[in-house]
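Peer 1: What follows is the file model06.pdb, containing PDB, C-alpha atoms, pLDDT in the B column:
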```pdb
ATOM      1  CA  MET A   1     -23.334 -50.729 105.396  1.00 45.00           C
ATOM      2  CA  PHE A   2     -22.853 -53.681 107.692  1.00 48.00           C
ATOM      3  CA  TYR A   3     -19.386 -55.125 107.531  1.00 56.00           C
ATOM      4  CA  GLY A   4     -19.253 -58.813 108.224  1.00 57.00           C
ATOM      5  CA  LYS A   5     -16.546 -61.235 107.265  1.00 66.00           C
ATOM      6  CA  VAL A   6     -13.756 -59.429 105.445  1.00 67.00           C
ATOM      7  CA  VAL A   7     -13.204 -60.845 101.975  1.00 77.00           C
ATOM      8  CA  TRP A   8      -9.927 -60.089 100.232  1.00 80.00           C
ATOM      9  CA  ASP A   9     -10.815 -58.894  96.746  1.00 87.00           C
ATOM     10  CA  PRO A  10      -7.695 -57.801  94.849  1.00 91.00           C
ATOM     11  CA  PHE A  11      -9.715 -56.537  91.872  1.00 94.00           C
ATOM     12  CA  LEU A  12     -11.720 -54.220  94.138  1.00 92.00           C
ATOM     13  CA  ILE A  13      -8.557 -52.960  95.855  1.00 93.00           C
ATOM     14  CA  VAL A  14      -6.810 -52.211  92.556  1.00 96.00           C
ATOM     15  CA  ALA A  15      -9.961 -50.539  91.218  1.00 96.00           C
ATOM     16  CA  GLN A  16     -10.168 -48.364  94.342  1.00 96.00           C
ATOM     17  CA  ILE A  17      -6.496 -47.405  94.043  1.00 97.00           C
ATOM     18  CA  VAL A  18      -6.842 -46.495  90.356  1.00 97.00           C
ATOM     19  CA  CYS A  19     -10.051 -44.558  90.961  1.00 97.00           C
ATOM     20  CA  LEU A  20      -8.584 -42.658  93.933  1.00 97.00           C
ATOM     21  CA  GLN A  21      -5.406 -41.839  91.985  1.00 97.00           C
ATOM     22  CA  CYS A  22      -7.383 -40.601  88.968  1.00 97.00           C
ATOM     23  CA  LEU A  23      -9.698 -38.477  91.110  1.00 98.00           C
ATOM     24  CA  TYR A  24      -6.711 -37.019  92.970  1.00 98.00           C
ATOM     25  CA  TYR A  25      -4.949 -35.995  89.750  1.00 97.00           C
ATOM     26  CA  LEU A  26      -8.188 -34.692  88.245  1.00 98.00           C
ATOM     27  CA  THR A  27      -8.750 -32.535  91.323  1.00 98.00           C
ATOM     28  CA  LEU A  28      -5.112 -31.426  91.374  1.00 97.00           C
ATOM     29  CA  GLY A  29      -5.438 -30.484  87.708  1.00 96.00           C
ATOM     30  CA  VAL A  30      -8.544 -28.395  88.373  1.00 97.00           C
ATOM     31  CA  PHE A  31      -6.892 -26.553  91.260  1.00 97.00           C
ATOM     32  CA  LEU A  32      -3.684 -26.051  89.280  1.00 96.00           C
ATOM     33  CA  ALA A  33      -5.709 -24.682  86.361  1.00 95.00           C
ATOM     34  CA  LEU A  34      -7.533 -22.268  88.668  1.00 96.00           C
ATOM     35  CA  LEU A  35      -4.562 -21.127  90.744  1.00 96.00           C
ATOM     36  CA  VAL A  36      -1.512 -21.582  88.499  1.00 95.00           C
ATOM     37  CA  GLY A  37      -3.147 -21.370  85.068  1.00 91.00           C
ATOM     38  CA  THR A  38      -3.907 -17.703  85.593  1.00 89.00           C
ATOM     39  CA  ARG A  39      -0.250 -16.958  86.357  1.00 90.00           C
ATOM     40  CA  VAL A  40       1.579 -18.879  83.624  1.00 90.00           C
ATOM     41  CA  SER A  41       1.289 -18.790  79.855  1.00 89.00           C
ATOM     42  CA  LYS A  42       1.283 -22.574  79.346  1.00 92.00           C
ATOM     43  CA  MET A  43       0.214 -25.391  81.681  1.00 92.00           C
ATOM     44  CA  SER A  44       2.153 -28.635  81.538  1.00 93.00           C
ATOM     45  CA  LEU A  45       2.907 -31.761  83.538  1.00 94.00           C
ATOM     46  CA  VAL A  46       5.789 -29.904  85.168  1.00 94.00           C
ATOM     47  CA  TYR A  47       3.343 -28.456  87.689  1.00 94.00           C
ATOM     48  CA  PHE A  48       2.128 -31.949  88.596  1.00 95.00           C
ATOM     49  CA  PHE A  49       5.360 -33.902  88.837  1.00 96.00           C
ATOM     50  CA  ASP A  50       8.460 -31.688  88.925  1.00 94.00           C
ATOM     51  CA  TYR A  51       9.783 -31.236  92.451  1.00 94.00           C
ATOM     52  CA  ALA A  52      11.541 -27.962  91.580  1.00 94.00           C
ATOM     53  CA  ILE A  53       8.205 -26.207  91.009  1.00 94.00           C
ATOM     54  CA  VAL A  54       7.119 -26.814  94.621  1.00 95.00           C
ATOM     55  CA  THR A  55       8.903 -23.860  96.173  1.00 95.00           C
ATOM     56  CA  ALA A  56       8.064 -21.186  98.710  1.00 95.00           C
ATOM     57  CA  SER A  57      10.170 -18.554  96.946  1.00 95.00           C
ATOM     58  CA  THR A  58       7.714 -17.667  94.164  1.00 94.00           C
ATOM     59  CA  VAL A  59       4.014 -16.885  93.996  1.00 95.00           C
ATOM     60  CA  THR A  60       3.550 -19.656  91.436  1.00 95.00           C
ATOM     61  CA  GLY A  61       5.206 -22.079  93.835  1.00 95.00           C
ATOM     62  CA  TRP A  62       2.794 -21.039  96.579  1.00 97.00           C
ATOM     63  CA  CYS A  63      -0.106 -21.605  94.173  1.00 96.00           C
ATOM     64  CA  VAL A  64       1.186 -25.117  93.453  1.00 97.00           C
ATOM     65  CA  ILE A  65       1.488 -25.773  97.203  1.00 97.00           C
ATOM     66  CA  ALA A  66      -2.069 -24.516  97.754  1.00 97.00           C
ATOM     67  CA  SER A  67      -3.289 -26.776  94.945  1.00 97.00           C
ATOM     68  CA  ILE A  68      -1.623 -29.785  96.547  1.00 98.00           C
ATOM     69  CA  PHE A  69      -3.221 -29.040  99.926  1.00 98.00           C
ATOM     70  CA  LEU A  70      -6.672 -28.442  98.449  1.00 98.00           C
ATOM     71  CA  SER A  71      -6.345 -31.717  96.534  1.00 98.00           C
ATOM     72  CA  CYS A  72      -5.436 -33.622  99.689  1.00 97.00           C
ATOM     73  CA  VAL A  73      -8.572 -32.310 101.408  1.00 98.00           C
ATOM     74  CA  ALA A  74     -10.635 -33.409  98.404  1.00 98.00           C
ATOM     75  CA  GLY A  75      -8.798 -36.755  98.548  1.00 97.00           C
ATOM     76  CA  ALA A  76      -9.976 -37.206 102.130  1.00 97.00           C
ATOM     77  CA  VAL A  77     -13.558 -36.751 100.956  1.00 97.00           C
ATOM     78  CA  TYR A  78     -12.933 -39.281  98.168  1.00 97.00           C
ATOM     79  CA  LEU A  79     -11.772 -41.760 100.808  1.00 96.00           C
ATOM     80  CA  VAL A  80     -15.170 -41.512 102.512  1.00 96.00           C
ATOM     81  CA  TYR A  81     -17.055 -42.497  99.372  1.00 95.00           C
ATOM     82  CA  LEU A  82     -14.573 -44.879  97.721  1.00 95.00           C
ATOM     83  CA  ILE A  83     -12.970 -46.681 100.656  1.00 92.00           C
ATOM     84  CA  GLU A  84     -15.662 -46.238 103.340  1.00 88.00           C
ATOM     85  CA  ARG A  85     -13.579 -47.740 106.140  1.00 91.00           C
ATOM     86  CA  ALA A  86     -11.592 -45.653 108.602  1.00 92.00           C
ATOM     87  CA  LYS A  87      -8.989 -48.353 109.155  1.00 93.00           C
ATOM     88  CA  LYS A  88      -8.126 -48.377 105.435  1.00 94.00           C
ATOM     89  CA  CYS A  89      -7.602 -44.609 105.052  1.00 95.00           C
ATOM     90  CA  LEU A  90      -3.925 -44.679 106.003  1.00 96.00           C
ATOM     91  CA  ASP A  91      -3.214 -47.542 103.582  1.00 96.00           C
ATOM     92  CA  PHE A  92      -4.901 -45.905 100.612  1.00 97.00           C
ATOM     93  CA  SER A  93      -3.436 -42.464 101.359  1.00 97.00           C
ATOM     94  CA  ALA A  94       0.054 -43.936 101.604  1.00 97.00           C
ATOM     95  CA  THR A  95      -0.468 -45.848  98.366  1.00 97.00           C
ATOM     96  CA  LEU A  96      -1.574 -42.679  96.576  1.00 98.00           C
ATOM     97  CA  TYR A  97       1.476 -40.689  97.684  1.00 98.00           C
ATOM     98  CA  ILE A  98       3.918 -43.561  97.063  1.00 98.00           C
ATOM     99  CA  ILE A  99       2.614 -43.878  93.502  1.00 97.00           C
ATOM    100  CA  HIS A 100       2.903 -40.091  93.178  1.00 97.00           C
ATOM    101  CA  LEU A 101       6.524 -40.293  94.397  1.00 97.00           C
ATOM    102  CA  PHE A 102       7.337 -42.968  91.782  1.00 97.00           C
ATOM    103  CA  ILE A 103       5.763 -40.897  89.010  1.00 97.00           C
ATOM    104  CA  CYS A 104       7.747 -37.848  90.168  1.00 96.00           C
ATOM    105  CA  ILE A 105      10.968 -39.895  90.171  1.00 96.00           C
ATOM    106  CA  ILE A 106      10.276 -41.125  86.632  1.00 96.00           C
ATOM    107  CA  TYR A 107       9.396 -37.609  85.442  1.00 94.00           C
ATOM    108  CA  GLY A 108      12.107 -35.506  87.052  1.00 90.00           C
ATOM    109  CA  GLY A 109      14.426 -37.643  89.156  1.00 93.00           C
ATOM    110  CA  TRP A 110      14.666 -38.038  92.904  1.00 95.00           C
ATOM    111  CA  PRO A 111      13.052 -35.044  94.670  1.00 95.00           C
ATOM    112  CA  SER A 112      15.934 -33.182  96.297  1.00 93.00           C
ATOM    113  CA  SER A 113      13.877 -30.213  97.454  1.00 94.00           C
ATOM    114  CA  ILE A 114      13.093 -30.184 101.169  1.00 96.00           C
ATOM    115  CA  THR A 115      10.000 -28.110 100.391  1.00 97.00           C
ATOM    116  CA  TRP A 116       8.636 -30.872  98.155  1.00 97.00           C
ATOM    117  CA  TRP A 117       9.103 -33.438 100.920  1.00 97.00           C
ATOM    118  CA  VAL A 118       7.544 -31.242 103.613  1.00 98.00           C
ATOM    119  CA  VAL A 119       4.547 -30.368 101.435  1.00 98.00           C
ATOM    120  CA  ASN A 120       3.867 -33.937 100.315  1.00 98.00           C
ATOM    121  CA  ILE A 121       4.373 -35.539 103.733  1.00 98.00           C
ATOM    122  CA  THR A 122       2.106 -32.923 105.292  1.00 98.00           C
ATOM    123  CA  ALA A 123      -0.500 -33.419 102.561  1.00 98.00           C
ATOM    124  CA  PHE A 124      -0.340 -37.195 103.070  1.00 98.00           C
ATOM    125  CA  THR A 125      -0.803 -36.746 106.817  1.00 98.00           C
ATOM    126  CA  VAL A 126      -3.730 -34.369 106.359  1.00 98.00           C
ATOM    127  CA  MET A 127      -5.396 -36.661 103.829  1.00 98.00           C
ATOM    128  CA  ALA A 128      -4.996 -39.768 105.991  1.00 97.00           C
ATOM    129  CA  PHE A 129      -6.098 -38.091 109.233  1.00 97.00           C
ATOM    130  CA  LEU A 130      -8.996 -36.133 107.750  1.00 97.00           C
ATOM    131  CA  GLY A 131     -10.135 -39.181 105.774  1.00 97.00           C
ATOM    132  CA  TYR A 132      -9.953 -41.255 108.962  1.00 97.00           C
ATOM    133  CA  CYS A 133     -12.025 -38.700 110.905  1.00 96.00           C
ATOM    134  CA  LEU A 134     -14.634 -38.388 108.157  1.00 96.00           C
ATOM    135  CA  CYS A 135     -14.912 -42.164 107.718  1.00 94.00           C
ATOM    136  CA  MET A 136     -15.147 -42.656 111.480  1.00 95.00           C
ATOM    137  CA  LYS A 137     -17.904 -40.052 111.680  1.00 94.00           C
ATOM    138  CA  ARG A 138     -19.775 -41.874 108.929  1.00 91.00           C
ATOM    139  CA  GLU A 139     -19.259 -45.275 110.536  1.00 87.00           C
ATOM    140  CA  MET A 140     -20.493 -44.015 113.897  1.00 90.00           C
ATOM    141  CA  ARG A 141     -23.787 -42.682 112.529  1.00 86.00           C
ATOM    142  CA  GLU A 142     -26.849 -44.087 114.156  1.00 81.00           C
ATOM    143  CA  ILE A 143     -28.620 -46.771 112.185  1.00 78.00           C
ATOM    144  CA  PRO A 144     -32.043 -45.423 111.257  1.00 80.00           C
ATOM    145  CA  THR A 145     -34.979 -47.499 112.400  1.00 78.00           C
ATOM    146  CA  SER A 146     -38.446 -47.066 111.056  1.00 73.00           C
ATOM    147  CA  ARG A 147     -41.099 -45.946 113.562  1.00 69.00           C
ATOM    148  CA  SER A 148     -43.893 -46.990 111.244  1.00 61.00           C
ATOM    149  CA  ARG A 149     -43.508 -50.695 112.024  1.00 57.00           C
ATOM    150  CA  SER A 150     -46.498 -52.311 113.578  1.00 56.00           C
ATOM    151  CA  SER A 151     -46.086 -53.564 117.123  1.00 54.00           C
ATOM    152  CA  PHE A 152     -46.863 -57.096 118.083  1.00 52.00           C
TER     153      PHE A 152
END
```
Could you spell out this file's structure in structure tokens?
Peer 2:
Amino acid sequence: MFYGKVVWDPFLIVAQIVCLQCLYYLTLGVFLALLVGTRVSKMSLVYFFDYAIVTASTVTGWCVIASIFLSCVAGAVYLVYLIERAKKCLDFSATLYIIHLFICIIYGGWPSSITWWVVNITAFTVMAFLGYCLCMKREMREIPTSRSRSSF
């Protein structure tokens, strides 16, 4: 895990973005199935991408909000294993939520709910900061040295 000269590899970056996005939506889907699926008769993409569902006025809305926050915590853990560098956590978190914003715009139009914006900006902040802290903790680990080496 030594980082020498930084090589710009666009294929690796795109692969990391796609993998992070897929893992985020997979995790969001699991949490939505666990929290929202028990409350509604039929799950659909509305719970992923429709801004009107993210509301604090219903129990289902609170379950969607909880799913988003649990997914952002899982996303921070994904950053540790996929990205591995603390200085890249903000970039990849921002990319994930910008892509999510574009998908939401395509699906249901411009999000006009203040709750949607507060939840997603907070989730982005938590994911970036927690991912940064976890990556920094991993980067700062002591390098193990073997004591079984023979001395000269």
Peer 1: For Leu26 in chain A, which of A:Gly61, A:Gly109, A:Pro10, A:Gly75 is the closest residue, counting only C-alpha atoms?
Peer 2: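 Counting only C-alpha atoms, the residue closest to Leu26 in chain A is A:Gly75.
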Peer 1: So which residues get picked by the PyMOL selection byres ((chain A and resi 27) around 12) here, written as a ChimeraX atom specification?
Peer 2: /A:20-26,28-34,48,67-78
Peer 1: Got a sec: who's within 10 Å of Ile13 in chain A, counting all atoms listed in the file, leaving out chain neighbours fewer than 6 positions off, as a ChimeraX atom specification?
Peer 2: /A:19,83,92
Peer 1: Write out the residues from the selection above, keeping C-alpha atoms, as a PDB file, in the frame of the given file.
Peer 2:
```pdb
ATOM      1  CA  CYS A  19     -10.051 -44.558  90.961  1.00 97.00           C
ATOM      2  CA  ILE A  83     -12.970 -46.681 100.656  1.00 92.00           C
ATOM      3  CA  PHE A  92      -4.901 -45.905 100.612  1.00 97.00           C
TER       4      PHE A  92
END
```
Peer 1: Please, what distance in Å, to one decimal, runs between CA of Thr115 in chain A and CA of Cys89 in chain A?
Peer 2: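 Those two atoms sit 24.6 Å apart.
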Peer 1: For range 98-105 of chain A, work out the shell of residues within 8 Å, counting only C-alpha atoms and skipping chain neighbours fewer than 6 positions away, then give it as a VMD selection string.
Peer 2: chain A and resid 49 to 51 111
Peer 1: Let me know the residues the PyMOL selection byres ((chain A and resi 56) around 12) catches in the file above, as a list of chain:residue names.
Peer 2: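 Evaluating the PyMOL selection byres ((chain A and resi 56) around 12) on these coordinates yields A:Tyr51, A:Ala52, A:Ile53, A:Val54, A:Thr55, A:Ser57, A:Thr58, A:Val59, A:Thr60, A:Gly61, A:Trp62, A:Cys63, A:Val64, A:Ile65, A:Ala66, A:Ser113, A:Ile114, A:Thr115, A:Trp116, A:Val118, A:Val119.
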Peer 1: Show which residues sit within 12 Å of Lys137 in chain A, as a list in words. Count all atoms listed in the file, and ignore same-chain residues fewer than 4 positions away.
Peer 2: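 Near Lys137 in chain A, the qualifying residues are Val80, Glu84, Arg85, Ala86, Leu130, Gly131, Tyr132, Cys133, Arg141 and Glu142 of chain A.
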Peer 1: Expressed in Å to a single decimal, how great is the separation between CA of Leu96 in chain A and CA of Met127 in chain A?
Peer 2: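 Calculated distance between CA of Leu96 in chain A and CA of Met127 in chain A is 10.2 Å.
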Peer 1: One number please: CA of Leu79 in chain A to CA of Thr122 in chain A, in Å, one decimal.
Peer 2: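 So the answer is 17.1 Å.
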Peer 1: Here is a test: counting all atoms listed in the file, which residue of A:Ile143, A:Met43, A:Ala128, A:Leu12 is nearest to Ser93 in chain A?
Peer 2: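 Among the listed residues, A:Ala128 lies closest to Ser93 in chain A.
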Peer 1: Would you please work out which residue, of A:Thr95, A:Val40, A:Tyr47, A:Lys87, is nearest to Gln16 in chain A when using only C-alpha atoms?
Peer 2: A:Thr95
Peer 1: For Asn120 in chain A, which of A:Ala94, A:Gly37, A:Leu82, A:Arg138 is the closest residue, counting all atoms listed in the file?
Peer 2: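 Selected residue with least distance to Asn120 in chain A: A:Ala94.
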Peer 1: Would you fill out range 19-30 of chain A with all heavy atoms and return it as a PDB file, keeping the file's coordinate frame?
Peer 2:
```pdb
ATOM      1  N   CYS A  19      -9.024 -45.601  90.910  1.00 97.00           N
ATOM      2  CA  CYS A  19     -10.051 -44.558  90.961  1.00 97.00           C
ATOM      3  C   CYS A  19      -9.618 -43.391  91.851  1.00 97.00           C
ATOM      4  O   CYS A  19      -9.776 -42.224  91.482  1.00 97.00           O
ATOM      5  CB  CYS A  19     -11.354 -45.168  91.461  1.00 97.00           C
ATOM      6  SG  CYS A  19     -12.771 -44.080  91.294  1.00 97.00           S
ATOM      7  N   LEU A  20      -9.051 -43.702  93.023  1.00 97.00           N
ATOM      8  CA  LEU A  20      -8.584 -42.658  93.933  1.00 97.00           C
ATOM      9  C   LEU A  20      -7.459 -41.845  93.300  1.00 97.00           C
ATOM     10  O   LEU A  20      -7.441 -40.609  93.389  1.00 97.00           O
ATOM     11  CB  LEU A  20      -8.125 -43.278  95.252  1.00 97.00           C
ATOM     12  CG  LEU A  20      -7.720 -42.318  96.361  1.00 97.00           C
ATOM     13  CD1 LEU A  20      -8.913 -41.482  96.807  1.00 97.00           C
ATOM     14  CD2 LEU A  20      -7.154 -43.097  97.544  1.00 97.00           C
ATOM     15  N   GLN A  21      -6.523 -42.523  92.634  1.00 97.00           N
ATOM     16  CA  GLN A  21      -5.406 -41.839  91.985  1.00 97.00           C
ATOM     17  C   GLN A  21      -5.914 -40.919  90.876  1.00 97.00           C
ATOM     18  O   GLN A  21      -5.483 -39.765  90.766  1.00 97.00           O
ATOM     19  CB  GLN A  21      -4.434 -42.877  91.413  1.00 97.00           C
ATOM     20  CG  GLN A  21      -3.055 -42.360  91.145  1.00 97.00           C
ATOM     21  CD  GLN A  21      -2.204 -42.296  92.391  1.00 97.00           C
ATOM     22  OE1 GLN A  21      -2.338 -43.109  93.285  1.00 97.00           O
ATOM     23  NE2 GLN A  21      -1.323 -41.329  92.454  1.00 97.00           N
ATOM     24  N   CYS A  22      -6.838 -41.414  90.064  1.00 97.00           N
ATOM     25  CA  CYS A  22      -7.383 -40.601  88.968  1.00 97.00           C
ATOM     26  C   CYS A  22      -8.142 -39.393  89.496  1.00 97.00           C
ATOM     27  O   CYS A  22      -7.986 -38.278  88.982  1.00 97.00           O
ATOM     28  CB  CYS A  22      -8.285 -41.451  88.079  1.00 97.00           C
ATOM     29  SG  CYS A  22      -7.400 -42.666  87.095  1.00 97.00           S
ATOM     30  N   LEU A  23      -8.956 -39.594  90.531  1.00 98.00           N
ATOM     31  CA  LEU A  23      -9.698 -38.477  91.110  1.00 98.00           C
ATOM     32  C   LEU A  23      -8.757 -37.454  91.733  1.00 98.00           C
ATOM     33  O   LEU A  23      -8.984 -36.243  91.627  1.00 98.00           O
ATOM     34  CB  LEU A  23     -10.700 -38.979  92.150  1.00 98.00           C
ATOM     35  CG  LEU A  23     -11.960 -39.622  91.603  1.00 98.00           C
ATOM     36  CD1 LEU A  23     -12.762 -40.262  92.729  1.00 98.00           C
ATOM     37  CD2 LEU A  23     -12.800 -38.605  90.859  1.00 98.00           C
ATOM     38  N   TYR A  24      -7.685 -37.936  92.363  1.00 98.00           N
ATOM     39  CA  TYR A  24      -6.711 -37.019  92.970  1.00 98.00           C
ATOM     40  C   TYR A  24      -6.061 -36.140  91.896  1.00 98.00           C
ATOM     41  O   TYR A  24      -5.984 -34.923  92.042  1.00 98.00           O
ATOM     42  CB  TYR A  24      -5.645 -37.803  93.745  1.00 98.00           C
ATOM     43  CG  TYR A  24      -4.554 -36.912  94.268  1.00 98.00           C
ATOM     44  CD1 TYR A  24      -4.741 -36.140  95.401  1.00 98.00           C
ATOM     45  CD2 TYR A  24      -3.329 -36.829  93.616  1.00 98.00           C
ATOM     46  CE1 TYR A  24      -3.744 -35.305  95.882  1.00 98.00           C
ATOM     47  CE2 TYR A  24      -2.319 -36.002  94.083  1.00 98.00           C
ATOM     48  CZ  TYR A  24      -2.535 -35.248  95.227  1.00 98.00           C
ATOM     49  OH  TYR A  24      -1.543 -34.412  95.692  1.00 98.00           O
ATOM     50  N   TYR A  25      -5.607 -36.773  90.803  1.00 97.00           N
ATOM     51  CA  TYR A  25      -4.949 -35.995  89.750  1.00 97.00           C
ATOM     52  C   TYR A  25      -5.940 -35.103  88.999  1.00 97.00           C
ATOM     53  O   TYR A  25      -5.582 -34.004  88.570  1.00 97.00           O
ATOM     54  CB  TYR A  25      -4.200 -36.906  88.783  1.00 97.00           C
ATOM     55  CG  TYR A  25      -2.914 -37.421  89.366  1.00 97.00           C
ATOM     56  CD1 TYR A  25      -2.609 -38.773  89.348  1.00 97.00           C
ATOM     57  CD2 TYR A  25      -2.002 -36.560  89.953  1.00 97.00           C
ATOM     58  CE1 TYR A  25      -1.426 -39.256  89.899  1.00 97.00           C
ATOM     59  CE2 TYR A  25      -0.824 -37.021  90.504  1.00 97.00           C
ATOM     60  CZ  TYR A  25      -0.538 -38.375  90.473  1.00 97.00           C
ATOM     61  OH  TYR A  25       0.622 -38.835  91.024  1.00 97.00           O
ATOM     62  N   LEU A  26      -7.174 -35.541  88.854  1.00 98.00           N
ATOM     63  CA  LEU A  26      -8.188 -34.692  88.245  1.00 98.00           C
ATOM     64  C   LEU A  26      -8.424 -33.457  89.102  1.00 98.00           C
ATOM     65  O   LEU A  26      -8.467 -32.326  88.597  1.00 98.00           O
ATOM     66  CB  LEU A  26      -9.492 -35.479  88.063  1.00 98.00           C
ATOM     67  CG  LEU A  26     -10.643 -34.715  87.436  1.00 98.00           C
ATOM     68  CD1 LEU A  26     -10.337 -34.399  85.976  1.00 98.00           C
ATOM     69  CD2 LEU A  26     -11.920 -35.524  87.546  1.00 98.00           C
ATOM     70  N   THR A  27      -8.547 -33.656  90.408  1.00 98.00           N
ATOM     71  CA  THR A  27      -8.750 -32.535  91.323  1.00 98.00           C
ATOM     72  C   THR A  27      -7.520 -31.628  91.352  1.00 98.00           C
ATOM     73  O   THR A  27      -7.655 -30.396  91.331  1.00 98.00           O
ATOM     74  CB  THR A  27      -9.054 -33.054  92.741  1.00 98.00           C
ATOM     75  OG1 THR A  27     -10.151 -33.945  92.674  1.00 98.00           O
ATOM     76  CG2 THR A  27      -9.378 -31.923  93.687  1.00 98.00           C
ATOM     77  N   LEU A  28      -6.336 -32.225  91.402  1.00 97.00           N
ATOM     78  CA  LEU A  28      -5.112 -31.426  91.374  1.00 97.00           C
ATOM     79  C   LEU A  28      -5.045 -30.609  90.090  1.00 97.00           C
ATOM     80  O   LEU A  28      -4.666 -29.429  90.115  1.00 97.00           O
ATOM     81  CB  LEU A  28      -3.883 -32.329  91.507  1.00 97.00           C
ATOM     82  CG  LEU A  28      -2.529 -31.643  91.537  1.00 97.00           C
ATOM     83  CD1 LEU A  28      -2.409 -30.678  92.715  1.00 97.00           C
ATOM     84  CD2 LEU A  28      -1.404 -32.681  91.589  1.00 97.00           C
ATOM     85  N   GLY A  29      -5.437 -31.203  88.976  1.00 96.00           N
ATOM     86  CA  GLY A  29      -5.438 -30.484  87.708  1.00 96.00           C
ATOM     87  C   GLY A  29      -6.399 -29.306  87.704  1.00 96.00           C
ATOM     88  O   GLY A  29      -6.078 -28.234  87.195  1.00 96.00           O
ATOM     89  N   VAL A  30      -7.567 -29.496  88.303  1.00 97.00           N
ATOM     90  CA  VAL A  30      -8.544 -28.395  88.373  1.00 97.00           C
ATOM     91  C   VAL A  30      -7.992 -27.258  89.224  1.00 97.00           C
ATOM     92  O   VAL A  30      -8.049 -26.083  88.835  1.00 97.00           O
ATOM     93  CB  VAL A  30      -9.896 -28.904  88.927  1.00 97.00           C
ATOM     94  CG1 VAL A  30     -10.811 -27.748  89.298  1.00 97.00           C
ATOM     95  CG2 VAL A  30     -10.569 -29.825  87.922  1.00 97.00           C
TER      96      VAL A  30
END
```
